[in-house]
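Here the structure comes first, spelled out in structure tokens, and everything after it is commentary.
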Amino acid sequence: MFGKLSTGLIALFLVSAAVAAAPEQLLVIKNHRFEPAEFKVPAGQRIRLVVHNQDSTPEEFESKPMNREKVVAAGAKATIFIGPLKAGRYDFVGEYNESTAKGTVVVE
Amino acid sequence: MFGAALIVFRETLEAALFVGIIAAATRGLAGRSRWLGAGIGVGVLGAVALALLAEWIGQWADGIGQDLVNVGILCFALAMLLWHCVHGAANGRDTAIGARQLGASVGSGGRPPWALFVAVALAVLREGAETVLFIAGYATGSGSHTASTLLGGALGLAAGALTGVVMYAGLSRIPMHRLFKVTNLLIALLAAAIASQLARALLQAGLVERWAAPVWDSSPLLPTDSAPGALLHALIGYDAQPSGLQLLFYGATLVVILFGSRLAATAAPSRTAAGAA
């Protein structure tokens, strides 16, 4: 009865439970810009960042200060967990369009 | 065009250095180029397949599919390098030395360190998929500059490959009797770097919550996105703001390799002798 399938389901449940626990922030990429380009999140808490790339080209969300990088295909949504972070300003860019795709997470 | 070249260069740097080091580590081994070429070829094919599936994979498990695939690839690559360092340390190295001493006649007898070539394929796969995705996206997207993106991509790829060649040429200057000590150390550090990336992928995907905070910040001294920072990142997994989990994985990998290879060497001395004979 309790074979690999149920183990997988339990694992999936645990993952989705962990996923659901963190507050969510939506970040849209449009015309090679982030919307919102700046947003606030509480300090000391893990945030679930959902990046929705509405452009027809892929983009790489990258942040050295937050130590994150992830490619988001054209039209796709991707989830990136950030933090828990200390109070401060954390910059991020779209690596494929660094001149326009810039943003900041303000942690307070 | 320059932007595309720089992006592709950054993506290929890591895989190119990896290939350069493995090429040096298997110097003198019969059929080495064929194995290495096959590893790169399989990696490139896998990268194209992964890029084609990227959009579909990305939606898995509530948007962390790409990270899950990365975790899988990194685990596999880490296992290959650990296997090579621990089990194959004495074995693989002596096979290479034996092959050289006996010349071409060893072709059939010398067992190639296959784990290294699998690791090469995985490194090319992981870094290549992002490059393919970038090039395909910007060379075909509406209103894009197809020619300049392709040219820039080719230049970036060439520059990345050249870095790998320079790495290989540099390592080749080391005398043979010391070369494998150096390459073994480099491979151990590459394994630790992969472990650190694995830790980061687990945190990014939200699969692990603990030890996520950065332990130090050396970005004022040496930013990860500076040229030397990027080089050190590719070679030894340097990170200006590493999380606790990354450091834990990094350290644990080095400890496993150090004690594991010693244990393996003392446990099976006869096999080592047989491999060298």
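Simple scheme: letters A, B, ... for chains in structure tokens order, numbers from 1 for residues in each chain, numbers from 1 for ligands in the order shown.
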
inquiry  = At a cut-off of 9 Å, which residues of chain B touch chain A? Count only C-alpha atoms and give the answer as a PyMOL selection string.
reply    = chain B and resi 3-4+7+54-56+58-59+61-67+130+133-134+136-138+140-142+200-201+203-207+209+212-214+217+219+223-225+239-243

Residues just named, written with C-alpha atoms as a PDB file, in the first residue's frame:
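Ended up saving to part_25.pdb:
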```
ATOM      1  CA  GLY B   3      26.282  42.295 -24.217  1.00  0.00           C
ATOM      2  CA  ALA B   4      25.421  38.918 -25.755  1.00  0.00           C
ATOM      3  CA  ILE B   7      26.493  36.877 -21.133  1.00  0.00           C
ATOM      4  CA  ALA B  54      12.606  24.716 -20.090  1.00  0.00           C
ATOM      5  CA  GLU B  55       9.180  26.288 -20.195  1.00  0.00           C
ATOM      6  CA  TRP B  56       7.457  23.014 -19.335  1.00  0.00           C
ATOM      7  CA  GLY B  58       9.751  25.527 -15.108  1.00  0.00           C
ATOM      8  CA  GLN B  59       6.102  24.971 -14.197  1.00  0.00           C
ATOM      9  CA  ALA B  61       6.111  21.770  -8.486  1.00  0.00           C
ATOM     10  CA  ASP B  62       4.687  25.271  -8.349  1.00  0.00           C
ATOM     11  CA  GLY B  63       7.473  27.031 -10.253  1.00  0.00           C
ATOM     12  CA  ILE B  64      10.560  25.338  -8.832  1.00  0.00           C
ATOM     13  CA  GLY B  65      10.956  22.747 -11.625  1.00  0.00           C
ATOM     14  CA  GLN B  66      14.147  24.303 -12.936  1.00  0.00           C
ATOM     15  CA  ASP B  67      15.688  24.160  -9.477  1.00  0.00           C
ATOM     16  CA  GLU B 130      21.008  28.542 -20.116  1.00  0.00           C
ATOM     17  CA  LEU B 133      17.882  29.405 -23.952  1.00  0.00           C
ATOM     18  CA  PHE B 134      19.403  32.875 -24.078  1.00  0.00           C
ATOM     19  CA  ALA B 136      17.409  31.038 -28.926  1.00  0.00           C
ATOM     20  CA  GLY B 137      15.285  33.638 -27.120  1.00  0.00           C
ATOM     21  CA  TYR B 138      17.132  36.685 -28.361  1.00  0.00           C
ATOM     22  CA  THR B 140      14.460  34.619 -32.751  1.00  0.00           C
ATOM     23  CA  GLY B 141      12.390  37.016 -30.623  1.00  0.00           C
ATOM     24  CA  SER B 142      10.375  39.642 -32.465  1.00  0.00           C
ATOM     25  CA  ARG B 200      22.138  27.319  -2.950  1.00  0.00           C
ATOM     26  CA  ALA B 201      19.721  25.563  -5.315  1.00  0.00           C
ATOM     27  CA  LEU B 203      17.609  27.203  -0.596  1.00  0.00           C
ATOM     28  CA  GLN B 204      16.399  28.940  -3.741  1.00  0.00           C
ATOM     29  CA  ALA B 205      13.789  26.236  -4.325  1.00  0.00           C
ATOM     30  CA  GLY B 206      12.646  26.502  -0.711  1.00  0.00           C
ATOM     31  CA  LEU B 207      13.400  22.816  -0.107  1.00  0.00           C
ATOM     32  CA  GLU B 209      14.969  26.554   5.154  1.00  0.00           C
ATOM     33  CA  ALA B 212      20.048  30.463   4.689  1.00  0.00           C
ATOM     34  CA  ALA B 213      21.643  33.620   6.098  1.00  0.00           C
ATOM     35  CA  PRO B 214      25.009  34.735   4.696  1.00  0.00           C
ATOM     36  CA  ASP B 217      30.203  39.498   3.192  1.00  0.00           C
ATOM     37  CA  SER B 219      31.868  41.736  -1.619  1.00  0.00           C
ATOM     38  CA  PRO B 223      32.735  41.011  -5.556  1.00  0.00           C
ATOM     39  CA  THR B 224      31.537  37.750  -7.125  1.00  0.00           C
ATOM     40  CA  ASP B 225      30.712  39.575 -10.356  1.00  0.00           C
ATOM     41  CA  ASP B 239      30.979  33.380  -3.098  1.00  0.00           C
ATOM     42  CA  ALA B 240      31.126  36.851  -1.590  1.00  0.00           C
ATOM     43  CA  GLN B 241      28.082  36.170   0.624  1.00  0.00           C
ATOM     44  CA  PRO B 242      27.864  32.435   1.202  1.00  0.00           C
ATOM     45  CA  SER B 243      25.009  31.049   3.247  1.00  0.00           C
TER      46      SER B 243
END
```

Give me the residues near segment 35-49 of chain B as a short mmCIF file (atom, residue, chain, number, x, y, z; two decimals) with C-alpha atoms, in the first residue's frame, where near means some atom within 12 Å (using only C-alpha atoms) and where sequence neighbours in that chain fewer than 5 positions away do not count.
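Saved the output as selection15.cif:
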```cif
data_model
loop_
_atom_site.label_atom_id
_atom_site.label_comp_id
_atom_site.auth_asym_id
_atom_site.auth_seq_id
_atom_site.Cartn_x
_atom_site.Cartn_y
_atom_site.Cartn_z
CA THR B 12 30.39 29.07 -20.56
CA ALA B 15 32.06 24.56 -17.99
CA ALA B 16 35.13 25.54 -20.06
CA PHE B 18 35.94 22.36 -15.85
CA VAL B 19 36.73 20.73 -19.21
CA GLY B 20 40.25 22.24 -19.18
CA ILE B 21 40.97 20.78 -15.74
CA ILE B 22 39.57 17.34 -16.60
CA ALA B 23 41.56 17.36 -19.85
CA ALA B 24 44.74 18.01 -17.85
CA ALA B 25 43.79 15.40 -15.24
CA THR B 26 43.45 12.73 -17.92
CA ARG B 27 46.56 13.71 -19.84
CA LEU B 29 45.35 8.51 -21.20
CA ALA B 30 44.69 6.54 -24.37
CA ALA B 54 12.61 24.72 -20.09
CA GLU B 55 9.18 26.29 -20.20
CA TRP B 56 7.46 23.01 -19.34
CA ILE B 57 9.97 22.05 -16.63
CA ILE B 73 22.15 17.42 -12.12
CA ARG B 111 40.22 1.91 -17.83
CA PRO B 112 39.15 5.49 -18.49
CA PRO B 113 38.00 7.48 -15.44
CA TRP B 114 34.45 7.52 -16.81
CA ALA B 115 33.08 9.36 -13.79
CA LEU B 116 35.07 12.42 -14.87
CA PHE B 117 33.64 12.33 -18.38
CA VAL B 118 30.09 12.00 -17.03
CA ALA B 119 30.83 15.03 -14.84
CA VAL B 120 32.05 16.92 -17.94
CA ALA B 121 28.78 16.10 -19.75
CA LEU B 122 26.78 17.31 -16.73
CA ALA B 123 28.77 20.56 -16.46
CA VAL B 124 28.24 21.29 -20.16
CA LEU B 125 24.56 20.33 -19.84
CA ARG B 126 23.87 22.66 -16.94
CA GLU B 127 25.75 25.69 -18.21
CA GLY B 128 24.84 25.02 -21.82
CA ALA B 129 21.08 24.93 -21.30
CA GLU B 130 21.01 28.54 -20.12
CA THR B 131 23.20 29.63 -23.02
CA VAL B 132 20.97 27.88 -25.55
CA LEU B 133 17.88 29.41 -23.95
CA PHE B 134 19.40 32.88 -24.08
CA ILE B 135 20.62 32.64 -27.68
CA ALA B 136 17.41 31.04 -28.93
CA ALA B 161 36.51 27.97 -24.76
#
```

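Using only C-alpha atoms, the residues found no farther than 7 Å from Val41 of chain A, other than those of its own chain fewer than 2 positions away, are Phe39, Ala43, Val106, Val107 and Glu108 of chain A.
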
inquiry  = Nearest residue to Glu11 of chain B out of B:Leu231, B:Ala193, B:Met80, B:Ile187, using only C-alpha atoms?
reply    = B:Leu231

task = Work out how far atom CA of Ser148 of chain B is from atom CA of Gly103 of chain A, in Å to one decimal.
result =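 It comes out at 27.0 Å.
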
All alpha helix (DSSP H) positions in segment 139-216 of chain B, as a short mmCIF file (atom, residue, chain, number, x, y, z; two decimals) with C-alpha atoms, in the first residue's frame:
```
data_model
loop_
_atom_site.label_atom_id
_atom_site.label_comp_id
_atom_site.auth_asym_id
_atom_site.auth_seq_id
_atom_site.Cartn_x
_atom_site.Cartn_y
_atom_site.Cartn_z
CA ALA B 139 18.05 35.51 -31.85
CA THR B 140 14.46 34.62 -32.75
CA THR B 146 19.44 38.03 -34.87
CA ALA B 147 22.83 38.52 -36.49
CA SER B 148 24.38 40.50 -33.66
CA THR B 149 23.06 38.07 -31.01
CA LEU B 150 24.46 35.08 -32.90
CA LEU B 151 27.79 36.79 -33.54
CA GLY B 152 28.03 37.93 -29.93
CA GLY B 153 27.12 34.45 -28.74
CA ALA B 154 29.78 32.90 -30.96
CA LEU B 155 32.39 35.37 -29.68
CA GLY B 156 31.41 34.68 -26.06
CA LEU B 157 31.56 30.94 -26.66
CA ALA B 158 34.98 31.28 -28.30
CA ALA B 159 36.25 33.41 -25.41
CA GLY B 160 34.94 30.88 -22.89
CA ALA B 161 36.51 27.97 -24.76
CA LEU B 162 39.78 29.90 -24.99
CA THR B 163 39.79 30.29 -21.18
CA GLY B 164 39.46 26.53 -20.89
CA VAL B 165 42.33 26.03 -23.34
CA VAL B 166 44.49 28.50 -21.39
CA MET B 167 43.67 26.59 -18.19
CA TYR B 168 44.70 23.33 -19.85
CA ALA B 169 47.86 24.86 -21.33
CA GLY B 170 48.80 26.28 -17.93
CA LEU B 171 48.29 22.95 -16.17
CA SER B 172 50.22 21.17 -18.93
CA MET B 176 53.95 15.03 -14.95
CA HIS B 177 54.91 13.71 -11.52
CA ARG B 178 53.26 16.70 -9.87
CA LEU B 179 50.43 17.30 -12.33
CA PHE B 180 48.01 14.78 -10.83
CA LYS B 181 48.47 16.14 -7.33
CA VAL B 182 47.45 19.53 -8.66
CA THR B 183 44.54 18.25 -10.74
CA ASN B 184 43.29 16.07 -7.88
CA LEU B 185 43.25 19.13 -5.64
CA LEU B 186 41.45 21.14 -8.33
CA ILE B 187 38.88 18.37 -8.83
CA ALA B 188 38.28 18.21 -5.06
CA LEU B 189 37.69 21.97 -5.03
CA LEU B 190 35.38 21.69 -8.06
CA ALA B 191 33.40 19.04 -6.16
CA ALA B 192 33.14 21.36 -3.14
CA ALA B 193 32.04 24.20 -5.44
CA ILE B 194 29.32 21.97 -6.90
CA ALA B 195 28.19 21.05 -3.37
CA SER B 196 27.95 24.76 -2.55
CA GLN B 197 25.85 25.36 -5.67
CA LEU B 198 23.66 22.44 -4.66
CA ALA B 199 23.08 24.07 -1.26
CA ARG B 200 22.14 27.32 -2.95
CA ALA B 201 19.72 25.56 -5.31
CA LEU B 202 18.03 23.85 -2.35
CA LEU B 203 17.61 27.20 -0.60
CA GLN B 204 16.40 28.94 -3.74
#
```

request  = May I ask for the distance between atom CA of Trp216 of chain B and atom CA of Asn70 of chain B, given in Å to one decimal place?
outcome  =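 Atom CA of Asn70 of chain B lies at a distance of 25.2 Å from atom CA of Trp216 of chain B.
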
request  = Would you please work out which residue, of A:Glu38, A:Ala87, A:Pro23, A:His52, is nearest to Thr104 of chain A when using only C-alpha atoms?
outcome  =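 Smallest separation from Thr104 of chain A among the options: A:Glu38.
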
query = Hey, which of A:Lys30, A:Gln25, A:Phe61, A:Pro42 ends up closest to Gly94 of chain A? Count only C-alpha atoms.
reply =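 The closest residue to Gly94 of chain A is A:Phe61.
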
request  = For segment 255-257 of chain B, work out the shell of residues within 8 Å, counting only C-alpha atoms and skipping chain neighbours fewer than 5 positions away, then give it as a list of chain:residue names.
outcome  = B:Leu82, B:Cys85, B:Val86, B:Ala188

query = Residues of chain A in strand (DSSP E or B) according to DSSP, as a ChimeraX atom specification?
reply = /A:24-30,33-35,38-41,47-53,59-63,68-72,77-82,88-94,102-107

Requested write-out: N, CA and C atoms of the selected residues, as a tab-separated table (two decimals), in the first residue's frame:
```tsv
chain	number	residue	atom	x	y	z
A	24	GLU	N	4.01	35.73	-0.08
A	24	GLU	CA	4.32	35.77	-1.50
A	24	GLU	C	4.43	37.19	-2.04
A	25	GLN	N	5.34	37.38	-2.96
A	25	GLN	CA	5.48	38.67	-3.64
A	25	GLN	C	5.55	38.41	-5.14
A	26	LEU	N	4.68	39.08	-5.90
A	26	LEU	CA	4.69	38.91	-7.35
A	26	LEU	C	5.59	39.97	-7.99
A	27	LEU	N	6.40	39.52	-8.93
A	27	LEU	CA	7.31	40.42	-9.64
A	27	LEU	C	7.13	40.16	-11.12
A	28	VAL	N	6.69	41.20	-11.85
A	28	VAL	CA	6.42	41.03	-13.28
A	28	VAL	C	7.57	41.60	-14.09
A	29	ILE	N	7.95	40.89	-15.14
A	29	ILE	CA	8.93	41.41	-16.10
A	29	ILE	C	8.16	41.79	-17.36
A	30	LYS	N	8.25	43.08	-17.74
A	30	LYS	CA	7.53	43.56	-18.92
A	30	LYS	C	8.39	44.60	-19.61
A	33	ARG	N	11.68	45.35	-18.02
A	33	ARG	CA	11.70	46.07	-16.74
A	33	ARG	C	10.94	45.28	-15.70
A	34	PHE	N	11.32	45.49	-14.43
A	34	PHE	CA	10.62	44.82	-13.34
A	34	PHE	C	9.48	45.70	-12.83
A	35	GLU	N	8.36	45.06	-12.53
A	35	GLU	CA	7.24	45.76	-11.91
A	35	GLU	C	6.76	44.95	-10.71
A	38	GLU	N	10.67	48.27	-7.04
A	38	GLU	CA	11.09	48.27	-5.64
A	38	GLU	C	9.91	47.79	-4.79
A	39	PHE	N	10.20	46.88	-3.86
A	39	PHE	CA	9.13	46.45	-2.97
A	39	PHE	C	9.70	46.12	-1.59
A	40	LYS	N	8.80	46.18	-0.60
A	40	LYS	CA	9.23	45.98	0.78
A	40	LYS	C	8.86	44.58	1.26
A	41	VAL	N	9.76	43.98	2.03
A	41	VAL	CA	9.44	42.70	2.67
A	41	VAL	C	9.91	42.77	4.12
A	47	ILE	N	10.71	34.76	1.97
A	47	ILE	CA	9.70	35.27	1.04
A	47	ILE	C	9.67	34.40	-0.21
A	48	ARG	N	8.44	34.14	-0.66
A	48	ARG	CA	8.27	33.39	-1.89
A	48	ARG	C	8.06	34.40	-3.01
A	49	LEU	N	9.06	34.53	-3.86
A	49	LEU	CA	9.02	35.49	-4.95
A	49	LEU	C	8.54	34.77	-6.21
A	50	VAL	N	7.43	35.26	-6.77
A	50	VAL	CA	6.95	34.66	-8.02
A	50	VAL	C	7.26	35.63	-9.15
A	51	VAL	N	8.18	35.23	-10.03
A	51	VAL	CA	8.60	36.09	-11.14
A	51	VAL	C	7.84	35.68	-12.40
A	52	HIS	N	7.06	36.59	-12.92
A	52	HIS	CA	6.27	36.33	-14.13
A	52	HIS	C	6.87	37.11	-15.30
A	53	ASN	N	7.47	36.40	-16.22
A	53	ASN	CA	8.09	37.04	-17.37
A	53	ASN	C	7.07	37.18	-18.49
A	59	GLU	N	14.54	35.70	-19.50
A	59	GLU	CA	15.26	36.64	-18.64
A	59	GLU	C	15.87	35.85	-17.49
A	60	GLU	N	17.01	36.33	-17.00
A	60	GLU	CA	17.59	35.68	-15.83
A	60	GLU	C	17.52	36.62	-14.64
A	61	PHE	N	16.72	36.23	-13.67
A	61	PHE	CA	16.68	36.99	-12.42
A	61	PHE	C	17.98	36.73	-11.69
A	62	GLU	N	18.69	37.80	-11.36
A	62	GLU	CA	19.97	37.60	-10.68
A	62	GLU	C	20.16	38.63	-9.58
A	63	SER	N	20.60	38.16	-8.44
A	63	SER	CA	20.93	39.06	-7.35
A	63	SER	C	22.15	38.53	-6.62
A	68	ARG	N	21.07	34.77	-5.51
A	68	ARG	CA	20.05	34.03	-6.27
A	68	ARG	C	20.25	34.27	-7.76
A	69	GLU	N	20.00	33.23	-8.56
A	69	GLU	CA	19.91	33.43	-10.01
A	69	GLU	C	19.05	32.33	-10.60
A	70	LYS	N	18.17	32.77	-11.51
A	70	LYS	CA	17.27	31.80	-12.10
A	70	LYS	C	16.75	32.32	-13.43
A	71	VAL	N	16.82	31.46	-14.44
A	71	VAL	CA	16.31	31.83	-15.76
A	71	VAL	C	14.79	31.64	-15.77
A	72	VAL	N	14.10	32.63	-16.31
A	72	VAL	CA	12.65	32.53	-16.46
A	72	VAL	C	12.34	32.60	-17.95
A	77	LYS	N	6.26	31.58	-15.47
A	77	LYS	CA	6.33	32.01	-14.08
A	77	LYS	C	7.33	31.13	-13.36
A	78	ALA	N	8.14	31.71	-12.49
A	78	ALA	CA	9.09	30.92	-11.72
A	78	ALA	C	9.05	31.36	-10.26
A	79	THR	N	9.25	30.39	-9.38
A	79	THR	CA	9.26	30.69	-7.95
A	79	THR	C	10.69	30.72	-7.43
A	80	ILE	N	11.02	31.76	-6.70
A	80	ILE	CA	12.35	31.88	-6.10
A	80	ILE	C	12.15	32.23	-4.62
A	81	PHE	N	12.73	31.44	-3.75
A	81	PHE	CA	12.66	31.76	-2.33
A	81	PHE	C	13.85	32.63	-1.96
A	82	ILE	N	13.56	33.75	-1.29
A	82	ILE	CA	14.64	34.63	-0.84
A	82	ILE	C	14.56	34.78	0.68
A	88	GLY	N	17.75	46.12	5.15
A	88	GLY	CA	18.67	46.74	4.21
A	88	GLY	C	18.09	46.74	2.81
A	89	ARG	N	18.90	47.16	1.84
A	89	ARG	CA	18.47	47.19	0.44
A	89	ARG	C	19.23	46.15	-0.36
A	90	TYR	N	18.52	45.36	-1.10
A	90	TYR	CA	19.12	44.28	-1.88
A	90	TYR	C	18.77	44.45	-3.35
A	91	ASP	N	19.77	44.70	-4.18
A	91	ASP	CA	19.52	44.93	-5.60
A	91	ASP	C	19.40	43.62	-6.36
A	92	PHE	N	18.61	43.66	-7.41
A	92	PHE	CA	18.56	42.54	-8.34
A	92	PHE	C	18.47	43.07	-9.77
A	93	VAL	N	18.86	42.25	-10.72
A	93	VAL	CA	18.82	42.66	-12.13
A	93	VAL	C	18.27	41.52	-12.98
A	94	GLY	N	17.88	41.89	-14.21
A	94	GLY	CA	17.63	40.88	-15.22
A	94	GLY	C	18.91	40.79	-16.02
A	102	LYS	N	16.18	46.47	-13.65
A	102	LYS	CA	16.84	46.67	-12.36
A	102	LYS	C	15.78	46.79	-11.28
A	103	GLY	N	16.08	46.32	-10.10
A	103	GLY	CA	15.13	46.44	-9.02
A	103	GLY	C	15.80	46.30	-7.66
A	104	THR	N	15.02	46.59	-6.62
A	104	THR	CA	15.55	46.52	-5.26
A	104	THR	C	14.51	45.93	-4.32
A	105	VAL	N	14.98	45.04	-3.46
A	105	VAL	CA	14.13	44.55	-2.36
A	105	VAL	C	14.51	45.36	-1.13
A	106	VAL	N	13.54	46.03	-0.54
A	106	VAL	CA	13.79	46.79	0.68
A	106	VAL	C	13.32	45.93	1.85
A	107	VAL	N	14.26	45.54	2.68
A	107	VAL	CA	13.94	44.69	3.83
A	107	VAL	C	13.90	45.55	5.08
```
